[in-house]
Each structure stands twice: as C-alpha cells, then as structure tokens.
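For reference, query17.csv (CSV, C-alpha atoms):
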chain,number,residue,atom,x,y,z
R,136,MET,CA,-5.3,1.9,16.0
R,137,THR,CA,-8.2,-0.2,15.2
R,138,SER,CA,-10.2,-0.2,12.0
R,139,GLY,CA,-11.5,-3.8,12.1
R,140,LEU,CA,-8.5,-5.0,10.1
R,141,THR,CA,-6.8,-7.6,12.2
R,142,ARG,CA,-4.0,-10.0,11.5
R,143,ARG,CA,-6.6,-12.8,11.7
R,144,THR,CA,-8.8,-11.1,9.1
R,145,LEU,CA,-5.9,-10.5,6.7
R,146,LEU,CA,-4.6,-14.0,7.1
R,147,GLY,CA,-8.1,-15.5,6.8
R,148,ALA,CA,-8.5,-13.5,3.5
R,149,PHE,CA,-5.3,-15.1,2.2
R,150,ALA,CA,-6.4,-18.6,3.2
R,151,ALA,CA,-9.9,-18.1,1.7
R,152,THR,CA,-8.7,-16.8,-1.6
R,153,GLY,CA,-5.4,-18.7,-2.1
R,154,LEU,CA,-6.8,-21.6,-3.9
R,155,ALA,CA,-9.5,-19.7,-5.8
R,156,ALA,CA,-7.1,-17.1,-7.1
R,157,ALA,CA,-5.0,-17.2,-10.2
R,158,PRO,CA,-1.9,-19.5,-10.2
R,159,THR,CA,0.2,-16.5,-9.2
R,160,TYR,CA,-1.1,-17.0,-5.6
R,161,ALA,CA,-0.2,-20.7,-5.3
R,162,ASN,CA,2.5,-19.7,-2.8
R,163,ALA,CA,0.0,-17.9,-0.5
R,164,PHE,CA,-0.1,-20.8,1.9
R,165,GLY,CA,3.7,-20.9,2.2
R,166,PHE,CA,3.6,-17.2,3.1
R,167,LEU,CA,0.9,-17.8,5.7
R,168,ARG,CA,2.9,-20.4,7.6
R,169,GLY,CA,5.3,-17.7,8.8
R,170,ALA,CA,3.0,-14.7,8.4
R,171,GLY,CA,2.9,-12.3,11.3
R,172,ASP,CA,6.4,-12.8,12.8
R,173,ILE,CA,8.0,-10.2,10.6
R,174,ARG,CA,6.5,-7.7,8.2
R,175,ARG,CA,8.6,-5.7,5.8
R,176,ILE,CA,8.0,-2.9,3.3
R,177,LYS,CA,10.4,-2.0,0.5
R,178,MET,CA,9.8,1.1,-1.6
R,179,TYR,CA,11.5,3.8,-3.5
R,180,ASN,CA,10.3,7.3,-4.5
R,181,GLY,CA,11.4,8.5,-7.9
R,182,ARG,CA,10.4,12.1,-7.0
R,183,THR,CA,12.7,12.4,-4.0
R,184,GLY,CA,15.3,9.7,-4.9
R,185,GLU,CA,14.7,8.1,-1.5
R,186,ASN,CA,14.7,4.3,-0.8
R,187,LEU,CA,13.0,2.5,2.1
R,188,ASP,CA,13.6,-1.0,3.2
R,189,THR,CA,12.4,-1.6,6.8
R,190,ILE,CA,10.9,-4.2,9.0
R,191,TYR,CA,7.9,-2.5,10.7
R,192,TRP,CA,6.4,-5.4,12.6
R,193,ILE,CA,8.1,-8.0,14.7
R,194,GLU,CA,6.3,-10.8,16.6
R,195,GLY,CA,3.0,-9.0,17.1
R,196,LYS,CA,4.2,-5.4,17.6
R,197,TYR,CA,4.7,-2.5,15.3
R,198,VAL,CA,8.2,-0.9,15.5
R,199,GLY,CA,7.8,2.7,16.3
R,200,SER,CA,11.1,3.9,14.8
R,201,ALA,CA,10.2,2.1,11.5
R,202,LEU,CA,6.8,3.6,11.4
R,203,ASP,CA,8.4,7.1,11.9
R,204,GLU,CA,10.7,6.3,9.0
R,205,ILE,CA,7.7,5.2,6.8
R,206,ASN,CA,5.7,8.3,7.8
R,207,HIS,CA,8.6,10.5,6.6
R,208,PHE,CA,9.1,8.5,3.4
R,209,MET,CA,5.4,8.6,2.5
R,210,ARG,CA,5.1,12.3,3.2
R,211,ASP,CA,3.6,14.8,0.8
R,212,TRP,CA,6.8,15.5,-1.2
R,213,ARG,CA,5.4,18.7,-2.6
R,214,ASN,CA,5.4,20.5,0.7
R,215,ASN,CA,7.1,18.0,3.1
R,216,GLN,CA,4.1,17.6,5.3
R,217,ILE,CA,4.1,14.4,7.2
R,218,LYS,CA,1.1,12.4,8.4
R,219,GLN,CA,1.0,9.2,10.4
R,220,ILE,CA,0.5,6.4,7.9
R,221,ASP,CA,-2.1,3.8,9.1
R,222,PRO,CA,-0.3,0.5,9.8
R,223,ASN,CA,-3.3,-1.3,8.3
R,224,ALA,CA,-2.5,0.2,4.9
R,225,LEU,CA,1.1,-1.0,5.3
R,226,ASP,CA,-0.1,-4.5,6.1
R,227,ILE,CA,-2.2,-4.7,2.9
R,228,MET,CA,0.7,-3.4,0.9
R,229,SER,CA,3.2,-5.9,2.5
R,230,ALA,CA,0.8,-8.8,2.1
R,231,ALA,CA,0.1,-8.0,-1.6
R,232,HIS,CA,3.8,-7.7,-2.2
R,233,ASN,CA,4.5,-11.1,-0.7
R,234,LEU,CA,1.8,-12.6,-2.9
R,235,LEU,CA,3.5,-11.2,-5.9
R,236,ASP,CA,6.7,-13.1,-5.1
R,237,THR,CA,9.1,-10.4,-6.1
R,238,THR,CA,12.1,-8.7,-4.4
R,239,GLU,CA,11.6,-5.5,-6.4
R,240,PRO,CA,10.6,-2.6,-4.2
R,241,TYR,CA,7.3,-0.8,-4.8
R,242,MET,CA,7.7,2.6,-6.6
R,243,LEU,CA,5.6,5.0,-4.5
R,244,ILE,CA,3.6,7.3,-6.7
R,245,SER,CA,1.6,8.9,-4.0
R,246,GLY,CA,1.4,8.3,-0.2
R,247,TYR,CA,0.1,11.0,2.1
R,248,ARG,CA,-1.4,14.0,0.4
R,249,SER,CA,-2.0,17.3,2.2
R,250,PRO,CA,-5.4,19.0,1.6
R,251,GLU,CA,-3.6,21.6,-0.7
R,252,THR,CA,-2.0,18.9,-2.8
R,253,ASN,CA,-5.2,16.9,-3.1
R,254,ALA,CA,-7.1,20.0,-4.1
R,255,MET,CA,-4.5,20.8,-6.8
R,256,LEU,CA,-4.6,17.2,-8.1
R,257,ARG,CA,-8.4,17.4,-8.2
R,258,ARG,CA,-8.3,20.5,-10.4
R,259,ARG,CA,-6.1,18.6,-12.8
R,260,SER,CA,-7.8,15.2,-12.8
R,261,SER,CA,-11.3,13.8,-12.4
R,262,GLY,CA,-9.9,10.6,-10.9
R,263,VAL,CA,-8.9,12.3,-7.6
R,264,ALA,CA,-11.4,11.9,-4.8
R,265,LYS,CA,-12.4,14.9,-2.7
R,266,ASN,CA,-12.2,12.9,0.5
R,267,SER,CA,-9.3,10.7,-0.6
R,268,ARG,CA,-7.9,8.2,1.9
R,269,HIS,CA,-4.5,9.7,0.9
R,270,LEU,CA,-5.6,12.7,3.1
R,271,ARG,CA,-5.8,10.4,6.1
R,272,GLY,CA,-2.6,8.5,5.6
R,273,GLN,CA,-4.6,5.4,4.7
R,274,ALA,CA,-3.6,4.9,1.0
R,275,ALA,CA,-0.8,4.5,-1.4
R,276,ASP,CA,-0.5,4.5,-5.2
R,277,LEU,CA,2.1,1.9,-6.2
R,278,ARG,CA,3.9,0.5,-9.2
R,279,LEU,CA,6.1,-2.5,-9.9
R,280,GLN,CA,8.2,-2.7,-13.1
R,281,SER,CA,8.2,-6.5,-12.9
R,282,ARG,CA,4.5,-7.0,-12.4
R,283,SER,CA,1.5,-5.8,-14.4
R,284,VAL,CA,-1.2,-3.5,-13.0
R,285,ALA,CA,-3.6,-6.5,-13.3
R,286,GLN,CA,-1.3,-8.8,-11.3
R,287,MET,CA,-0.9,-6.1,-8.6
R,288,PHE,CA,-4.6,-5.5,-8.5
R,289,ASN,CA,-5.4,-9.2,-8.2
R,290,ALA,CA,-2.9,-9.6,-5.3
R,291,ALA,CA,-4.2,-6.6,-3.4
R,292,SER,CA,-7.8,-7.7,-4.1
R,293,ALA,CA,-7.0,-11.2,-2.7
R,294,CYS,CA,-6.3,-9.6,0.7
R,295,ARG,CA,-10.0,-8.5,0.9
R,296,ALA,CA,-8.9,-5.9,3.4
R,297,GLY,CA,-9.5,-2.5,1.8
R,298,GLY,CA,-9.9,-0.5,-1.3
R,299,VAL,CA,-8.1,-1.4,-4.5
R,300,GLY,CA,-8.1,0.7,-7.6
R,301,ARG,CA,-6.7,-0.3,-11.0
R,302,TYR,CA,-5.2,2.6,-13.1
R,303,THR,CA,-4.0,0.7,-16.1
R,304,SER,CA,-3.4,3.8,-18.3
R,305,SER,CA,-1.3,5.4,-15.6
R,306,ASN,CA,0.4,2.1,-14.7
R,307,PHE,CA,-0.3,2.0,-10.9
R,308,VAL,CA,-2.5,0.4,-8.3
R,309,HIS,CA,-4.2,2.2,-5.4
R,310,MET,CA,-4.3,0.3,-2.1
R,311,ASP,CA,-6.0,1.6,1.0
R,312,CYS,CA,-7.3,0.3,4.3
R,313,GLY,CA,-10.8,1.7,4.0
R,314,PRO,CA,-13.9,-0.5,3.3
R,315,VAL,CA,-13.4,-3.4,0.9
R,316,ARG,CA,-14.2,-2.2,-2.6
R,317,SER,CA,-12.6,-2.1,-6.0
R,318,TRP,CA,-12.7,0.0,-9.2
R,319,GLY,CA,-10.9,0.6,-12.5
R,320,ARG,CA,-10.0,-1.3,-15.6
What's the structure tokens form of this structure?
Amino acid sequence: MTSGLTRRTLLGAFAATGLAAAPTYANAFGFLRGAGDIRRIKMYNGRTGENLDTIYWIEGKYVGSALDEINHFMRDWRNNQIKQIDPNALDIMSAAHNLLDTTEPYMLISGYRSPETNAMLRRRSSGVAKNSRHLRGQAADLRLQSRSVAQMFNAASACRAGGVGRYTSSNFVHMDCGPVRSWGR
C-alpha cells in the first residue's frame, strides 16, 4: 500500500513540528529516537465491549495477523462488515497517541463504515461526508478521557500526515490518511 505517507515523512513531520508545537510535544524527539522499530495501537469499543492492544509493526514490517485483528476490531459494528484498514491511518493514530504521552487506550467512536451505515448517518447529521474516508478504511473517530479534543487535535495535526477534524461538542477527533487538511472548532 502506498499513498505517499512514508515512515520518513511521518518522522520528518515530528521533527519539524516538535519544537514549534505546544509544550505537550516536548517529548517528541525522545519518541523519534526509537520510532519505527515497534508500532502499537491500543483501543476499546464501547459499542461492542471489545478491547485491542496489539503491536502491528515490527522493524520495518507490518504484522499481518495484527492487521487482521485491527480490521475486525474497526469493522462496521452495525452490520459486522469488515474492510481492510489502511496501515497509514494506523501510523497516524499511533504517532499521535505517542505524542500525547498516555497509556490510556483510544475509545473508537467510528472506524470502517459500510455505505449503508454512512448513508444512514448522513441522513441524521450534516457533519457526515458523502465520500467519507471511513468508507475506504482510511479514518477513525477517536476519544481519550485523559486528553481534551484540543490536545488530541494538536497531536494529530503535528503529524502533518492526513486529515484531522475537531468535533468538540461531540468530544472526539477524526484522523485519516487522506490529504493533509484540518477542520472544526
């Protein structure tokens, strides 16, 4: 899978923004020293009661069985449809989590969305994109109890590696591996 997002791009984004970012990111360079050897993602899903804590990248290679586990975990829980989750989205989520310096797992609000689920959500809310990256397995809506939406937004934005949406009133941040852009208040 190639989308222009490389380890070098992601690490370069951390290096370029580490000093200019808020003091929260003072530890970014410590993270970079060992970045890339192991990548881990920790999440739970309040809708299904499932937990995920897996290492999905080891020394330059994605771990197939871990990616399969993530695909299942991030499925459309409304109809159990599974889509391959883009590893680039996982890299952004993992890097942002490391910048936030917390052991708390993300709460997954929304991962993959089937076309039926996305259409249903669009009927209910104007904030759901017709061609959402969720449909492609390239996005996640996430929450942390120990961090504010602003802190999560800033960490994901510091990666400069995809789209970041701030949904303060709903208490979550959208992260995707599409073009670099941001929105929300």
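Minimum distance to Ala296 in chain R across R:Gln216, R:Ser317, R:Ser267, R:Asn180 (counting all atoms listed in the file) occurs at R:Ser317.
Here CA of Leu187 in chain R and CA of Arg301 in chain R stand 23.8 Å from one another.
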Per residue of range 179-212 of chain R within 12 Å of range 269-282 of chain R, which atom pair is closest and at what distance in Å (one decimal), using only C-alpha atoms, listed by chain and increasing number, as a Markdown table?
| residue | atom | partner | partner_atom | distance |
| --- | --- | --- | --- | --- |
| R:Tyr179 | CA | R:Leu277 | CA | 10.0 |
| R:Asn180 | CA | R:Leu277 | CA | 10.0 |
| R:Gly181 | CA | R:Arg278 | CA | 11.0 |
| R:Ile205 | CA | R:Gly272 | CA | 10.9 |
| R:Asn206 | CA | R:Gly272 | CA | 8.6 |
| R:His207 | CA | R:Gly272 | CA | 11.4 |
| R:Phe208 | CA | R:Ala275 | CA | 11.7 |
| R:Met209 | CA | R:Ala275 | CA | 8.4 |
| R:Arg210 | CA | R:Gly272 | CA | 8.9 |
| R:Asp211 | CA | R:His269 | CA | 9.6 |
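Going from CA of Leu235 in chain R to CA of Lys218 in chain R covers 27.7 Å.
Taking CA of Val315 in chain R and CA of Tyr302 in chain R as endpoints, the distance between them is 17.3 Å.
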### Message
Need to verify the contact set: Pro240 in chain R, 7 Å, all atoms listed in the file, exclusion of same-chain residues closer than 2 positions in sequence. Can you return it as a VMD selection string?
### Response
chain R and resid 177 to 179 238 242
Can you write out the residues you just picked, keeping C-alpha atoms, as a CSV table (one decimal), in the coordinates of the input?
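Result saved to out_11.csv:
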chain,number,residue,atom,x,y,z
R,177,LYS,CA,10.4,-2.0,0.5
R,178,MET,CA,9.8,1.1,-1.6
R,179,TYR,CA,11.5,3.8,-3.5
R,238,THR,CA,12.1,-8.7,-4.4
R,242,MET,CA,7.7,2.6,-6.6
### Query
Residues around (-7.8, 3.1, -7.0), cut-off 12 Å, counting only C-alpha atoms - what are they as a VMD selection string?
chain R and resid 245 262 to 264 267 to 269 274 to 277 284 287 to 288 291 to 292 297 to 303 305 to 313 315 to 320
Write out the residues from the selection above, keeping C-alpha atoms, as a compact mmCIF listing (two decimals), in the frame of the given file.
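File written: result_17.txt
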# COMPACT_ATOMS: atom_id res chain seq x y z
CA SER R 245 1.60 8.90 -4.00
CA GLY R 262 -9.90 10.60 -10.90
CA VAL R 263 -8.90 12.30 -7.60
CA ALA R 264 -11.40 11.90 -4.80
CA SER R 267 -9.30 10.70 -0.60
CA ARG R 268 -7.90 8.20 1.90
CA HIS R 269 -4.50 9.70 0.90
CA ALA R 274 -3.60 4.90 1.00
CA ALA R 275 -0.80 4.50 -1.40
CA ASP R 276 -0.50 4.50 -5.20
CA LEU R 277 2.10 1.90 -6.20
CA VAL R 284 -1.20 -3.50 -13.00
CA MET R 287 -0.90 -6.10 -8.60
CA PHE R 288 -4.60 -5.50 -8.50
CA ALA R 291 -4.20 -6.60 -3.40
CA SER R 292 -7.80 -7.70 -4.10
CA GLY R 297 -9.50 -2.50 1.80
CA GLY R 298 -9.90 -0.50 -1.30
CA VAL R 299 -8.10 -1.40 -4.50
CA GLY R 300 -8.10 0.70 -7.60
CA ARG R 301 -6.70 -0.30 -11.00
CA TYR R 302 -5.20 2.60 -13.10
CA THR R 303 -4.00 0.70 -16.10
CA SER R 305 -1.30 5.40 -15.60
CA ASN R 306 0.40 2.10 -14.70
CA PHE R 307 -0.30 2.00 -10.90
CA VAL R 308 -2.50 0.40 -8.30
CA HIS R 309 -4.20 2.20 -5.40
CA MET R 310 -4.30 0.30 -2.10
CA ASP R 311 -6.00 1.60 1.00
CA CYS R 312 -7.30 0.30 4.30
CA GLY R 313 -10.80 1.70 4.00
CA VAL R 315 -13.40 -3.40 0.90
CA ARG R 316 -14.20 -2.20 -2.60
CA SER R 317 -12.60 -2.10 -6.00
CA TRP R 318 -12.70 0.00 -9.20
CA GLY R 319 -10.90 0.60 -12.50
CA ARG R 320 -10.00 -1.30 -15.60
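Distances here use only C-alpha atoms; by that measure, the residue among R:Thr183, R:Thr189, R:Gln286, R:Ser200 closest to Ser229 in chain R is R:Thr189.
Each of R:Arg259, R:Leu202, R:Ala254, R:Leu243 was checked against Asn223 in chain R using all atoms listed in the file; the smallest atom-to-atom distance is that of R:Leu202.
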